[in-house]
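Accompanying notes for the structure given below.
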2 protein chains.
Amino acid sequence: MYICLTMSNSKLYKGSLSTIILKLLGETDRMYGYEITQKVKVLTKGELIMTEGALYPALHKLEAEGFLDVEVVKVDNRMRKYYRLTEEGNKETSNRIADLQNYMETMQFLIKPKLTLE
Amino acid sequence: MYICLTMSNSKLYKGSLSTIILKLLGETDRMYGYEITQKVKVLTKGELIMTEGALYPALHKLEAEGFLDVEVVKVDNRMRKYYRLTEEGNKETSNRIADLQNYMETMQFLIKPKLTLE
DNA sequence: TTTTATGCATAAATAAATTATGTATATTTG
DNA sequence: CAAATATACATAATTTATTTATGCATAAAA
């Protein structure tokens with residue numbers, strides 16, 4: 001039987017995935033899909049697991065929207081698709097991060113403990 | 001022509017709505033649906049708009065899950081359905097808030113500006 | 001009297017995940 | 001050496017949670 005000690009029960013709040021992808025690509029110039037999943041896993045200490053079923057469609061969509069450029073490379077006889085931000089993708093990244101920041105501030109305000117003295 | 005100055009473009013990140021509902025009910029003992037939408041609108045200065053199409057199904061679901069009790073009241077000849085947290089709902093509220101807090105911390109860590117000196 | 005506000009509800013459409021597969025190669029392990 | 005695990009992509013089916021679009025009804029405001 002398999003005991004999972006560092007359970008990542010935290011499902012993604014829908015809408016944040018592509019922002020994470022963009023942000024990572026904003027830092028690292030070019031990355032391939034599998035690399036992104038691993039990076040997120042390491043950075044969040046297993047807290048956030050990016051499933052491939054979510055990741056790859058998200059990458060394809062971002063590419064179709066013109067935010068990513070792709071470059072196929074063969075390494076060790078295995079395929080890699082490297083993605084990098086386009087000019088547009090760069091702007092989009094800033095916008096989405098700002099949106100998410102703003103949203104999180106709002107949420108923080110809503111769910112922060114309230115003093116109930118009245 | 002209608003010019004919207006304080007545009008709330010911020011769509012809800014899916015998964016956070018019911019947490020907001022629970023949190024508000026954790027503060028205010030009992031509230032009815034419409035009241036919740038207005039409260040959120042005021043608290044967030046129009047930043048977050050809870051659509052009724054999302055709110056009412058969410059309330060019904062929380063009730064079905066045993067987290068809310070309902071009490072129907074007629075005020076000014078109009079119906080109100082007051083919701084309040086059950087015992088279970090109280091626990092669930094704490095859990096969901098903790099989850100969301102945790103998720104937001106993780107996200108903050110991921111999207112915070114990085115110093116790229118290496 | 002028409003619009004806006006109050007108050008509920010639900011159906012259809014959309015979006016974005018999860019889950020479950022599938023293919024293929026490389027590496028590690030027993 | 002065989003089997004399991006890691007690497008690396010992909011897609012289809014399903015699930016979930018929204019938005020959008022309605023609908024009904026009463027009260028108040030314009």
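All residue names refer to the structure tokens as shown: chains lettered A, B, ... in order, residues numbered from 1 in each chain, ligands numbered from 1 in order.
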
Within 9 Å of stretch 53-62 of chain A, which residues of chain C come that close, and what is the closest atom pair and distance in Å for each? Count only C-alpha atoms (C1' of nucleotides) and give it as CSV.
residue,atom,partner,partner_atom,distance
C:DA16,C1',A:Ala54,CA,8.0
C:DA17,C1',A:Ala54,CA,6.5
C:DT18,C1',A:Gly53,CA,7.7
C:DT19,C1',A:Gly53,CA,8.5

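The interface of chain D with chain B at 9 Å, considering only C-alpha atoms (C1' of nucleotides), consists of DT16, DA17, DT18, DT19, DT20, DA25, DT26 and DA27 of chain D.
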
For the residues selected in the previous step, produce a file with N, CA, C and O atoms (P, O5', C5', C4', C3', O3' and C1' of nucleotides) as a PDB file, in the first residue's frame.
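Everything below was put into again_37.pdb:
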ATOM      1  P    DT D  16     -17.594  16.412 -10.374  1.00  0.00           P
ATOM      2  O5'  DT D  16     -17.230  17.954 -10.427  1.00  0.00           O
ATOM      3  C5'  DT D  16     -15.861  18.335 -10.517  1.00  0.00           C
ATOM      4  C4'  DT D  16     -15.822  19.826 -10.745  1.00  0.00           C
ATOM      5  C3'  DT D  16     -16.939  20.576 -10.029  1.00  0.00           C
ATOM      6  O3'  DT D  16     -16.318  21.525  -9.192  1.00  0.00           O
ATOM      7  C1'  DT D  16     -16.765  21.261 -12.289  1.00  0.00           C
ATOM      8  P    DA D  17     -17.183  22.449  -8.218  1.00  0.00           P
ATOM      9  O5'  DA D  17     -17.056  23.851  -8.959  1.00  0.00           O
ATOM     10  C5'  DA D  17     -15.795  24.272  -9.443  1.00  0.00           C
ATOM     11  C4'  DA D  17     -16.002  25.536 -10.240  1.00  0.00           C
ATOM     12  C3'  DA D  17     -17.043  26.480  -9.634  1.00  0.00           C
ATOM     13  O3'  DA D  17     -16.548  27.801  -9.704  1.00  0.00           O
ATOM     14  C1'  DA D  17     -17.621  25.982 -11.849  1.00  0.00           C
ATOM     15  P    DT D  18     -17.194  28.953  -8.748  1.00  0.00           P
ATOM     16  O5'  DT D  18     -17.077  30.256  -9.663  1.00  0.00           O
ATOM     17  C5'  DT D  18     -18.160  30.649 -10.490  1.00  0.00           C
ATOM     18  C4'  DT D  18     -17.723  30.697 -11.931  1.00  0.00           C
ATOM     19  C3'  DT D  18     -18.505  31.699 -12.773  1.00  0.00           C
ATOM     20  O3'  DT D  18     -17.844  32.947 -12.784  1.00  0.00           O
ATOM     21  C1'  DT D  18     -18.360  29.582 -13.884  1.00  0.00           C
ATOM     22  P    DT D  19     -18.750  34.269 -12.982  1.00  0.00           P
ATOM     23  O5'  DT D  19     -19.158  34.176 -14.534  1.00  0.00           O
ATOM     24  C5'  DT D  19     -18.146  34.161 -15.525  1.00  0.00           C
ATOM     25  C4'  DT D  19     -18.806  34.121 -16.906  1.00  0.00           C
ATOM     26  C3'  DT D  19     -19.766  35.285 -17.154  1.00  0.00           C
ATOM     27  O3'  DT D  19     -19.538  35.766 -18.476  1.00  0.00           O
ATOM     28  C1'  DT D  19     -20.934  33.220 -17.399  1.00  0.00           C
ATOM     29  P    DT D  20     -20.237  37.154 -18.931  1.00  0.00           P
ATOM     30  O5'  DT D  20     -21.520  36.612 -19.707  1.00  0.00           O
ATOM     31  C5'  DT D  20     -21.382  35.539 -20.628  1.00  0.00           C
ATOM     32  C4'  DT D  20     -22.753  35.128 -21.149  1.00  0.00           C
ATOM     33  C3'  DT D  20     -23.757  36.269 -21.287  1.00  0.00           C
ATOM     34  O3'  DT D  20     -24.353  36.157 -22.568  1.00  0.00           O
ATOM     35  C1'  DT D  20     -24.710  34.498 -20.050  1.00  0.00           C
ATOM     36  P    DA D  25     -45.539  35.156 -12.380  1.00  0.00           P
ATOM     37  O5'  DA D  25     -45.115  36.086 -11.165  1.00  0.00           O
ATOM     38  C5'  DA D  25     -44.685  35.511  -9.941  1.00  0.00           C
ATOM     39  C4'  DA D  25     -44.179  36.612  -9.040  1.00  0.00           C
ATOM     40  C3'  DA D  25     -45.059  37.867  -9.080  1.00  0.00           C
ATOM     41  O3'  DA D  25     -45.680  38.048  -7.814  1.00  0.00           O
ATOM     42  C1'  DA D  25     -42.724  38.387  -9.145  1.00  0.00           C
ATOM     43  P    DT D  26     -46.709  39.280  -7.617  1.00  0.00           P
ATOM     44  O5'  DT D  26     -45.814  40.292  -6.761  1.00  0.00           O
ATOM     45  C5'  DT D  26     -45.248  39.853  -5.521  1.00  0.00           C
ATOM     46  C4'  DT D  26     -44.370  40.967  -4.994  1.00  0.00           C
ATOM     47  C3'  DT D  26     -45.089  42.303  -4.830  1.00  0.00           C
ATOM     48  O3'  DT D  26     -44.816  42.800  -3.524  1.00  0.00           O
ATOM     49  C1'  DT D  26     -43.114  42.589  -6.088  1.00  0.00           C
ATOM     50  P    DA D  27     -45.509  44.187  -3.066  1.00  0.00           P
ATOM     51  O5'  DA D  27     -44.273  45.189  -3.198  1.00  0.00           O
ATOM     52  C5'  DA D  27     -43.021  44.849  -2.595  1.00  0.00           C
ATOM     53  C4'  DA D  27     -42.081  46.037  -2.719  1.00  0.00           C
ATOM     54  C3'  DA D  27     -42.740  47.378  -2.481  1.00  0.00           C
ATOM     55  O3'  DA D  27     -41.885  48.127  -1.628  1.00  0.00           O
ATOM     56  C1'  DA D  27     -41.714  47.351  -4.627  1.00  0.00           C
TER      57       DA D  27
END

Env of B:Lys81: 6 Å cut, atoms = only C-alpha atoms (C1' of nucleotides), seq-sep filter 6 positions within chain, self excluded. Answer as a ChimeraX atom specification.
/B:32,71-72

Print the selection's residues with C-alpha atoms to a file, as a PDB file, in the first residue's frame.
ATOM      1  CA  TYR B  32     -29.764  35.839   2.104  1.00  0.00           C
ATOM      2  CA  GLU B  71     -34.819  29.596   6.625  1.00  0.00           C
ATOM      3  CA  VAL B  72     -37.436  31.187   4.409  1.00  0.00           C
TER       4      VAL B  72
END

Proximal residues of chain A relative to chain B (only C-alpha atoms; 10 Å) as a ChimeraX atom specification
/A:9-16,19-24,26-28,40,43-45,47-48,97-116

Report as a PyMOL selection string: the residues of chain A with a DSSP assignment of strand (DSSP E), based on the backbone of this structure.
chain A and resi 31-32+68-75+78-85

Name the residues of chain A that fall into helix (DSSP H, G or I) according to DSSP on the backbone, using the chain letters and numbers of this document, as an NGL selection string.
:A and (17-28 or 33-43 or 52-64 or 87-111)

Give me the residues within 12 Å of C:DT27 as a list in words, counting only C-alpha atoms (C1' of nucleotides) and dropping any in the same chain fewer than 2 places off.
Asp76 of chain A; DT25 and DT29 of chain C; DA4, DT5, DA6 and DT7 of chain D

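Using only C-alpha atoms (C1' of nucleotides), the shortest contact distance between chain A and any of C:DA5, C:DG30, C:DA24, C:DA12 is found at C:DA24.
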
Name the residues in contact with C:DG22 at a cut-off of 12 Å, using only C-alpha atoms (C1' of nucleotides), excluding same-chain residues fewer than 3 positions from it; report them as a VMD selection string.
chain D and resid 9 to 12

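Counting only C-alpha atoms (C1' of nucleotides) and comparing B:Lys74, B:Gly46, B:Arg30, B:Leu85, the residue that lies closest to chain C is B:Lys74.
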
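Minimum atom-to-atom distance to C:DA11, evaluated using only C-alpha atoms (C1' of nucleotides), belongs to D:DT22 out of D:DT22, D:DA13, D:DC1, D:DA29.
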
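One distance worth recording is that between atom CA of A:Ser94 and atom CA of A:Val70, which is 20.2 Å.
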